[in-house]
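Next up, data13.tsv (TSV, C-alpha atoms):
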```tsv
chain	number	residue	atom	x	y	z
A	1350	MET	CA	100.51	117.05	136.92
A	1351	VAL	CA	98.40	118.87	134.31
A	1352	THR	CA	95.20	120.50	135.54
A	1353	LYS	CA	92.36	120.27	133.07
A	1354	ARG	CA	89.90	123.09	132.75
A	1355	THR	CA	86.45	122.84	131.21
A	1356	ILE	CA	84.31	125.76	130.08
A	1357	THR	CA	80.71	125.35	128.99
A	1358	ILE	CA	79.48	127.70	126.28
A	1359	GLU	CA	75.78	128.10	125.63
A	1360	TYR	CA	74.68	127.74	122.01
A	1361	SER	CA	72.81	131.05	122.29
A	1362	GLU	CA	76.06	132.77	123.30
A	1363	LEU	CA	77.75	131.50	120.16
A	1364	LEU	CA	74.89	132.80	118.02
A	1365	ASN	CA	74.99	136.24	119.65
A	1366	ASN	CA	78.76	136.62	119.50
A	1367	ASP	CA	80.68	137.82	116.47
A	1368	LYS	CA	83.86	136.01	117.57
A	1369	TRP	CA	84.25	132.26	117.58
A	1370	LEU	CA	87.88	132.30	118.68
A	1371	ILE	CA	88.50	129.76	121.46
A	1372	ASN	CA	90.80	132.23	123.26
A	1373	PHE	CA	87.90	134.68	123.53
A	1374	PHE	CA	85.89	132.27	125.65
A	1375	LEU	CA	88.93	131.15	127.65
A	1376	ALA	CA	89.60	134.78	128.58
A	1377	LYS	CA	86.01	135.22	129.73
A	1378	GLY	CA	86.37	132.16	131.91
A	1379	ALA	CA	89.60	133.52	133.42
A	1380	GLN	CA	87.79	136.66	134.57
A	1381	GLN	CA	85.52	134.52	136.72
A	1382	ASP	CA	88.58	133.30	138.66
A	1383	ILE	CA	89.32	136.79	140.01
A	1384	LYS	CA	88.17	136.96	143.62
A	1385	ASN	CA	87.49	140.00	145.83
A	1386	LEU	CA	88.15	142.52	143.05
A	1387	ASN	CA	85.72	144.74	141.20
A	1388	LEU	CA	86.07	144.52	137.44
A	1389	PHE	CA	85.42	147.55	135.26
A	1390	LYS	CA	85.40	147.91	131.49
A	1391	ILE	CA	88.26	150.03	130.17
A	1392	GLY	CA	85.57	152.06	128.43
A	1393	ASP	CA	84.23	153.07	131.87
A	1394	LEU	CA	87.62	154.57	132.76
A	1395	VAL	CA	88.69	156.33	129.58
A	1396	VAL	CA	87.33	158.14	126.54
A	1397	GLU	CA	89.03	157.74	123.18
A	1398	ARG	CA	90.37	161.02	121.83
A	1399	VAL	CA	89.78	161.16	118.07
A	1400	GLU	CA	91.47	164.27	116.66
A	1401	PHE	CA	93.53	164.03	113.49
A	1402	PHE	CA	96.16	166.22	111.84
A	1403	ASP	CA	98.02	165.98	108.54
A	1404	PRO	CA	101.67	167.07	109.07
A	1405	GLN	CA	102.38	166.68	105.34
A	1406	LYS	CA	100.57	169.98	104.81
A	1407	TYR	CA	103.29	171.70	106.87
A	1408	PRO	CA	106.51	170.07	105.56
A	1409	ASP	CA	108.90	172.65	107.11
A	1410	TRP	CA	107.34	172.76	110.58
A	1411	ASP	CA	108.87	170.96	113.55
A	1412	PHE	CA	106.50	168.58	115.34
A	1413	THR	CA	106.64	166.64	118.58
A	1414	TYR	CA	105.81	163.21	117.17
A	1415	LEU	CA	105.59	159.82	118.87
A	1416	GLY	CA	105.66	156.51	117.01
A	1417	LEU	CA	105.55	153.00	118.44
A	1418	GLU	CA	109.35	152.94	118.27
A	1419	ASN	CA	109.47	155.83	120.76
A	1420	VAL	CA	107.74	153.91	123.56
A	1421	GLU	CA	109.60	151.23	125.50
A	1422	SER	CA	107.74	147.98	126.07
A	1423	ASN	CA	106.33	147.41	129.56
A	1424	THR	CA	107.95	150.44	131.24
A	1425	GLY	CA	106.38	153.11	129.05
A	1426	PHE	CA	109.55	155.22	129.03
A	1427	LEU	CA	109.92	157.46	125.98
A	1428	LEU	CA	112.93	156.79	123.74
A	1429	ASN	CA	114.80	158.98	121.24
A	1430	CYS	CA	112.17	161.70	121.07
A	1431	PHE	CA	113.32	164.51	118.80
A	1432	PRO	CA	111.39	167.14	116.78
A	1433	ARG	CA	110.53	165.92	113.30
A	1434	LYS	CA	109.76	167.90	110.17
A	1435	GLY	CA	106.27	167.53	108.76
A	1436	ALA	CA	107.77	166.19	105.52
A	1437	GLU	CA	109.31	163.26	107.47
A	1438	ILE	CA	105.95	162.10	108.84
A	1439	LYS	CA	104.41	160.15	105.98
A	1440	SER	CA	100.82	159.75	107.18
A	1441	ARG	CA	97.97	161.46	108.97
A	1442	SER	CA	98.51	161.53	112.73
A	1443	LYS	CA	96.51	161.79	115.93
A	1444	ILE	CA	96.66	164.88	118.15
A	1445	ILE	CA	97.82	164.23	121.74
A	1446	TYR	CA	97.76	166.31	124.93
A	1447	GLY	CA	99.31	166.19	128.39
A	1448	GLY	CA	97.69	163.56	130.59
A	1449	ASP	CA	96.69	161.34	127.65
A	1450	LEU	CA	97.41	157.62	127.77
A	1451	LEU	CA	98.77	156.15	124.54
A	1452	TYR	CA	98.28	152.41	123.96
A	1453	GLY	CA	99.83	150.61	120.99
A	1454	LYS	CA	97.05	148.76	119.16
A	1455	LEU	CA	99.49	147.22	116.65
A	1456	ARG	CA	101.14	144.10	118.08
A	1457	PRO	CA	99.60	144.69	121.54
A	1458	SER	CA	101.70	141.83	122.92
A	1459	LEU	CA	104.60	144.34	122.94
A	1460	CYS	CA	102.81	146.14	125.83
A	1461	LYS	CA	103.54	149.65	124.60
A	1462	ALA	CA	101.64	152.09	126.80
A	1463	THR	CA	102.69	155.47	128.13
A	1464	VAL	CA	101.10	158.38	130.01
A	1465	LEU	CA	102.10	161.84	128.81
A	1466	ASN	CA	103.25	164.25	131.49
A	1467	ASN	CA	100.69	166.93	132.37
A	1468	SER	CA	103.26	169.58	131.43
A	1469	PHE	CA	103.18	168.25	127.85
A	1470	LYS	CA	101.24	170.80	125.78
A	1471	ARG	CA	100.34	169.24	122.45
A	1472	GLY	CA	101.84	167.00	119.80
A	1473	ILE	CA	100.97	164.25	117.36
A	1474	CYS	CA	101.40	160.50	117.30
A	1475	SER	CA	101.06	157.47	115.04
A	1476	THR	CA	97.56	156.22	114.31
A	1477	GLU	CA	98.78	152.85	115.60
A	1478	PHE	CA	98.10	154.21	119.10
A	1479	PHE	CA	94.78	154.48	120.87
A	1480	VAL	CA	94.77	157.97	122.41
A	1481	LEU	CA	92.84	157.80	125.67
A	1482	LYS	CA	91.66	160.57	127.95
A	1483	ILE	CA	91.64	159.16	131.49
A	1484	ASN	CA	88.79	159.72	133.94
A	1485	GLU	CA	91.02	160.46	136.94
A	1486	GLN	CA	87.99	160.50	139.23
A	1487	GLN	CA	87.78	156.77	138.57
A	1488	VAL	CA	91.39	155.61	138.22
A	1489	GLY	CA	94.97	156.83	138.57
A	1490	PRO	CA	96.87	157.15	135.27
A	1491	ASN	CA	99.94	155.23	136.47
A	1492	TYR	CA	97.84	152.42	137.93
A	1493	LEU	CA	95.88	152.12	134.69
A	1494	ARG	CA	99.02	152.09	132.54
A	1495	LEU	CA	100.47	149.31	134.69
A	1496	ILE	CA	97.28	147.23	134.52
A	1497	LEU	CA	97.08	147.63	130.74
A	1498	THR	CA	100.54	146.07	130.39
A	1499	SER	CA	99.76	143.18	132.76
A	1500	ASP	CA	99.36	139.53	131.77
A	1501	PHE	CA	95.76	139.71	133.00
A	1502	VAL	CA	94.88	142.24	130.29
A	1503	LEU	CA	97.24	140.80	127.68
A	1504	ASN	CA	95.57	137.38	127.92
A	1505	GLN	CA	92.23	139.04	127.19
A	1506	ILE	CA	93.65	141.06	124.31
A	1507	LYS	CA	95.00	137.90	122.69
A	1508	SER	CA	91.43	136.67	122.35
A	1509	PHE	CA	90.53	139.68	120.22
A	1510	THR	CA	93.57	139.88	117.93
A	1511	ALA	CA	93.92	138.03	114.67
A	1512	GLY	CA	96.51	138.00	111.90
A	1513	ALA	CA	100.04	136.68	112.25
A	1514	ALA	CA	101.93	139.48	110.48
A	1515	LEU	CA	100.29	142.65	111.82
A	1516	PRO	CA	97.94	141.73	114.67
A	1517	ARG	CA	95.78	144.58	115.94
A	1518	ILE	CA	92.95	145.03	118.38
A	1519	HIS	CA	89.85	147.05	117.50
A	1520	ILE	CA	88.91	149.95	119.75
A	1521	ASP	CA	85.46	148.51	120.58
A	1522	ASP	CA	86.99	145.22	121.74
A	1523	PHE	CA	89.67	147.07	123.71
A	1524	LEU	CA	87.18	149.25	125.56
A	1525	ASN	CA	85.13	146.19	126.52
A	1526	ILE	CA	88.06	144.46	128.24
A	1527	LYS	CA	87.64	144.33	132.01
A	1528	VAL	CA	90.33	145.37	134.50
A	1529	PRO	CA	90.48	145.04	138.31
A	1530	LEU	CA	89.94	148.20	140.30
A	1531	PRO	CA	90.45	148.39	144.09
A	1532	ASN	CA	88.63	150.80	146.38
A	1533	LYS	CA	89.66	154.47	146.21
A	1534	ASN	CA	91.86	154.39	149.31
A	1535	LEU	CA	93.89	151.44	148.03
A	1536	LEU	CA	93.97	152.97	144.57
A	1537	LEU	CA	95.67	156.09	145.96
A	1538	VAL	CA	98.25	153.90	147.73
A	1539	TYR	CA	99.01	151.89	144.59
A	1540	GLU	CA	99.19	155.04	142.45
A	1541	HIS	CA	101.74	156.59	144.81
A	1542	GLU	CA	103.88	153.43	144.98
A	1543	ILE	CA	103.91	153.05	141.19
A	1544	MET	CA	104.87	156.71	140.72
A	1545	THR	CA	107.69	156.34	143.26
A	1546	LEU	CA	109.01	153.24	141.52
A	1547	GLN	CA	108.86	154.90	138.09
A	1548	SER	CA	110.75	157.91	139.46
A	1549	LYS	CA	113.52	155.71	140.88
A	1550	LEU	CA	113.75	153.74	137.66
A	1551	SER	CA	114.00	156.98	135.67
A	1552	ARG	CA	116.89	158.27	137.81
A	1553	SER	CA	118.67	154.92	137.60
A	1554	ARG	CA	118.33	154.93	133.82
A	1555	GLU	CA	119.74	158.46	133.70
A	1556	LEU	CA	122.73	157.35	135.74
A	1557	LEU	CA	123.25	154.30	133.53
A	1558	SER	CA	123.07	156.37	130.34
A	1559	ARG	CA	125.83	158.64	131.70
A	1560	THR	CA	128.09	155.86	132.97
A	1561	ARG	CA	130.89	156.48	130.47
A	1562	ASP	CA	130.90	160.23	131.18
A	1563	LEU	CA	130.86	159.68	134.96
A	1564	TYR	CA	133.72	157.18	134.86
A	1565	SER	CA	135.71	159.58	132.69
A	1566	LYS	CA	135.26	162.38	135.25
A	1567	ILE	CA	136.29	160.05	138.09
A	1568	PHE	CA	139.44	159.00	136.20
A	1569	ASP	CA	140.31	162.66	135.56
A	1570	ALA	CA	139.91	163.32	139.30
A	1571	ILE	CA	142.23	160.42	140.13
A	1572	LYS	CA	144.88	161.71	137.71
A	1573	SER	CA	144.75	165.19	139.21
A	1574	GLY	CA	144.96	163.89	142.78
A	1575	MET	CA	141.57	165.19	143.89
A	1576	GLU	CA	140.30	163.62	147.11
A	1577	THR	CA	136.58	163.96	146.41
A	1578	ILE	CA	134.49	164.41	143.33
A	1579	SER	CA	130.79	165.32	143.42
A	1580	ILE	CA	128.70	164.95	140.28
A	1581	ASP	CA	125.19	166.43	140.18
A	1582	LEU	CA	122.61	164.32	138.34
A	1583	ASP	CA	119.67	166.58	139.16
A	1584	GLU	CA	118.50	168.78	142.00
A	1585	ASN	CA	117.37	165.79	144.09
A	1586	ASN	CA	119.99	163.21	143.19
A	1587	GLN	CA	123.77	163.28	143.68
A	1588	LEU	CA	126.54	160.77	143.12
A	1589	GLU	CA	129.50	161.20	145.46
A	1590	MET	CA	132.81	159.37	145.07
A	1591	ASN	CA	135.37	159.31	147.87
A	1592	ILE	CA	138.74	158.33	146.39
A	1593	GLN	CA	140.87	159.08	149.45
A	1594	GLY	CA	141.79	155.44	150.14
A	1595	ASP	CA	143.28	152.78	147.90
A	1596	ILE	CA	139.84	151.64	146.59
A	1597	PRO	CA	137.18	154.17	145.56
A	1598	ILE	CA	133.91	153.61	147.48
A	1599	PRO	CA	130.84	154.86	145.56
A	1600	ARG	CA	127.72	156.12	147.32
A	1601	LEU	CA	124.54	156.60	145.31
A	1602	GLU	CA	121.59	158.45	146.79
A	1603	LEU	CA	118.26	157.93	145.07
```

Target encoding structure tokens, full file:
Amino acid sequence: MVTKRTITIEYSELLNNDKWLINFFLAKGAQQDIKNLNLFKIGDLVVERVEFFDPQKYPDWDFTYLGLENVESNTGFLLNCFPRKGAEIKSRSKIIYGGDLLYGKLRPSLCKATVLNNSFKRGICSTEFFVLKINEQQVGPNYLRLILTSDFVLNQIKSFTAGAALPRIHIDDFLNIKVPLPNKNLLLVYEHEIMTLQSKLSRSRELLSRTRDLYSKIFDAIKSGMETISIDLDENNQLEMNIQGDIPIPRLEL
């Protein structure tokens, strides 16, 4: 059974609006369906950082540079981040600092958003990112990053993007999008849970990336007749393999 939905748009609203995209008005109607949640404009939670740098002027310098290809969709994990010479970076870039939230404005449906670790000092990134300084008195960075990659926000963003080949969203439209924000006590709970999940995912990814090396070490232990092999992943995470019996029994502590 298909449920029909009707939205009434006042003529005056059409005259006062610079967008006549049907998805724009559908998104506004969807916001009214959210119950028991306070909605805040993204612009109330962040300030856009607008600082530019031309790496081409320093062709032999090494730069910490992030492009859209370095941010994984949805998760926000950084991928293949290596220093790059200024000569390799072909355009003017934006300056980024620890704690900044980077949101990919090009093809926003890819949900590319990441929060830079506070230990990060300074670097540069593609101008295809919005660089956002978060008001942490209002919202937790991990909560905000998660919300910005949610279907609730994506459905609103779709109403502001146009162009089939290289769809983008303008900063003014982005900052006017509304997101749900719980009370401060719940916000702290959600922030902690999201951070814990991200940490577990990060350790699991590290283990997965080293699978071939770990299996090779285990096989070497079997050949040499060792009864136990212990492989340190980091100071808080250890993989222990007991190969005393006929079948090795792995135990992973996260």

Distance criterion (all atoms listed in the file): nearest to Asn1423 of chain A out of A:Asp1500, A:Asp1411, A:Glu1477, A:Asp1522: A:Asp1500

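Separating atom CA of Leu1451 of chain A from atom CA of Ala1436 of chain A is a distance of 23.3 Å.
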
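If you look at atom CA of Val1528 of chain A and atom CA of Ser1442 of chain A, they are 28.3 Å away from each other.
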
Atomic separation - atom CA of Asn1532 of chain A relative to atom CA of Ile1483 of chain A, Å: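 That distance, rounded to one decimal, is 17.3 Å.
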
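Minimum atom-to-atom distances from A:Tyr1446, A:Phe1478, A:Phe1501, A:Tyr1492 to Lys1533 of chain A were compared using all atoms listed in the file, and the lowest value belongs to A:Tyr1492.
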
So that I can check the surroundings of Pro1529 of chain A, please list as number ranges by chain every protein, DNA and RNA residue that reaches within 9 Å of it, counting only C-alpha atoms and ignoring chain neighbours fewer than 3 positions away. A: 1383, 1386-1390, 1496

Selected residue of minimal separation from Met1544 of chain A among A:Ile1526, A:Leu1493, A:Ala1570, A:Ile1520, counting all atoms listed in the file: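 Result for the nearest residue to Met1544 of chain A: A:Leu1493.
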
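Distances here use all atoms listed in the file; by that measure, the residue among A:Pro1457, A:Gly1416, A:Gly1435, A:Gly1472 closest to Glu1400 of chain A is A:Gly1472.
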
My list of candidates is A:Thr1424, A:Val1395, A:Leu1459, A:Arg1561. Which is closest to Asn1484 of chain A when distances are computed with only C-alpha atoms? A:Val1395

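Using only C-alpha atoms, the shortest contact distance between Leu1481 of chain A and any of A:Leu1417, A:Val1502, A:Val1464, A:Leu1455 is found at A:Val1464.
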
Will you model all heavy atoms for segment 1463-1474 of chain A and pass it back as a compact mmCIF listing (two decimals), in the frame of the given file?
```txt
# COMPACT_ATOMS: atom_id res chain seq x y z
N THR A 1463 102.02 154.40 127.41
CA THR A 1463 102.69 155.47 128.13
C THR A 1463 101.69 156.56 128.48
O THR A 1463 100.70 156.76 127.76
CB THR A 1463 103.84 156.08 127.29
OG1 THR A 1463 104.60 156.97 128.10
CG2 THR A 1463 103.33 156.82 126.08
N VAL A 1464 101.93 157.24 129.60
CA VAL A 1464 101.10 158.38 130.01
C VAL A 1464 101.92 159.64 129.81
O VAL A 1464 103.04 159.75 130.32
CB VAL A 1464 100.66 158.25 131.48
CG1 VAL A 1464 99.89 159.50 131.90
CG2 VAL A 1464 99.81 157.01 131.68
N LEU A 1465 101.38 160.60 129.07
CA LEU A 1465 102.10 161.84 128.81
C LEU A 1465 102.04 162.74 130.04
O LEU A 1465 101.00 162.89 130.67
CB LEU A 1465 101.49 162.56 127.61
CG LEU A 1465 101.50 161.77 126.29
CD1 LEU A 1465 100.81 162.57 125.20
CD2 LEU A 1465 102.94 161.44 125.88
N ASN A 1466 103.17 163.34 130.36
CA ASN A 1466 103.25 164.25 131.49
C ASN A 1466 102.26 165.40 131.31
O ASN A 1466 102.04 165.89 130.20
CB ASN A 1466 104.68 164.79 131.59
CG ASN A 1466 104.93 165.50 132.90
OD1 ASN A 1466 104.38 166.56 133.16
ND2 ASN A 1466 105.77 164.92 133.73
N ASN A 1467 101.67 165.84 132.43
CA ASN A 1467 100.69 166.93 132.37
C ASN A 1467 101.28 168.23 131.85
O ASN A 1467 100.55 169.10 131.38
CB ASN A 1467 100.06 167.16 133.74
CG ASN A 1467 99.04 166.08 134.08
OD1 ASN A 1467 98.29 165.64 133.22
ND2 ASN A 1467 99.02 165.65 135.32
N SER A 1468 102.61 168.37 131.94
CA SER A 1468 103.26 169.58 131.43
C SER A 1468 103.38 169.56 129.90
O SER A 1468 103.68 170.59 129.28
CB SER A 1468 104.66 169.73 132.05
OG SER A 1468 105.49 168.64 131.68
N PHE A 1469 103.15 168.39 129.31
CA PHE A 1469 103.18 168.25 127.85
C PHE A 1469 102.02 169.06 127.27
O PHE A 1469 100.88 168.91 127.69
CB PHE A 1469 103.06 166.77 127.47
CG PHE A 1469 103.12 166.48 126.01
CD1 PHE A 1469 104.32 166.28 125.36
CD2 PHE A 1469 101.95 166.40 125.27
CE1 PHE A 1469 104.36 165.99 124.01
CE2 PHE A 1469 101.98 166.12 123.91
CZ PHE A 1469 103.20 165.92 123.28
N LYS A 1470 102.29 169.92 126.30
CA LYS A 1470 101.24 170.80 125.78
C LYS A 1470 100.43 170.11 124.68
O LYS A 1470 99.26 169.80 124.85
CB LYS A 1470 101.85 172.11 125.28
CG LYS A 1470 102.43 172.94 126.41
CD LYS A 1470 102.97 174.26 125.90
CE LYS A 1470 103.52 175.10 127.06
NZ LYS A 1470 104.08 176.39 126.57
N ARG A 1471 101.04 169.88 123.55
CA ARG A 1471 100.34 169.24 122.45
C ARG A 1471 101.34 168.70 121.46
O ARG A 1471 102.41 169.26 121.27
CB ARG A 1471 99.38 170.22 121.77
CG ARG A 1471 98.48 169.55 120.73
CD ARG A 1471 97.39 170.48 120.25
NE ARG A 1471 97.91 171.57 119.45
CZ ARG A 1471 97.15 172.40 118.73
NH1 ARG A 1471 95.85 172.27 118.75
NH2 ARG A 1471 97.70 173.37 118.03
N GLY A 1472 100.98 167.59 120.82
CA GLY A 1472 101.84 167.00 119.80
C GLY A 1472 101.00 166.08 118.94
O GLY A 1472 99.76 166.15 118.95
N ILE A 1473 101.67 165.22 118.20
CA ILE A 1473 100.97 164.25 117.36
C ILE A 1473 101.62 162.89 117.51
O ILE A 1473 102.76 162.77 117.97
CB ILE A 1473 100.97 164.68 115.87
CG1 ILE A 1473 102.40 164.92 115.39
CG2 ILE A 1473 100.10 165.89 115.66
CD1 ILE A 1473 102.47 165.31 113.90
N CYS A 1474 100.87 161.86 117.17
CA CYS A 1474 101.40 160.50 117.30
C CYS A 1474 100.88 159.63 116.16
O CYS A 1474 99.96 160.01 115.42
CB CYS A 1474 101.02 159.89 118.65
SG CYS A 1474 99.28 159.41 118.79
```
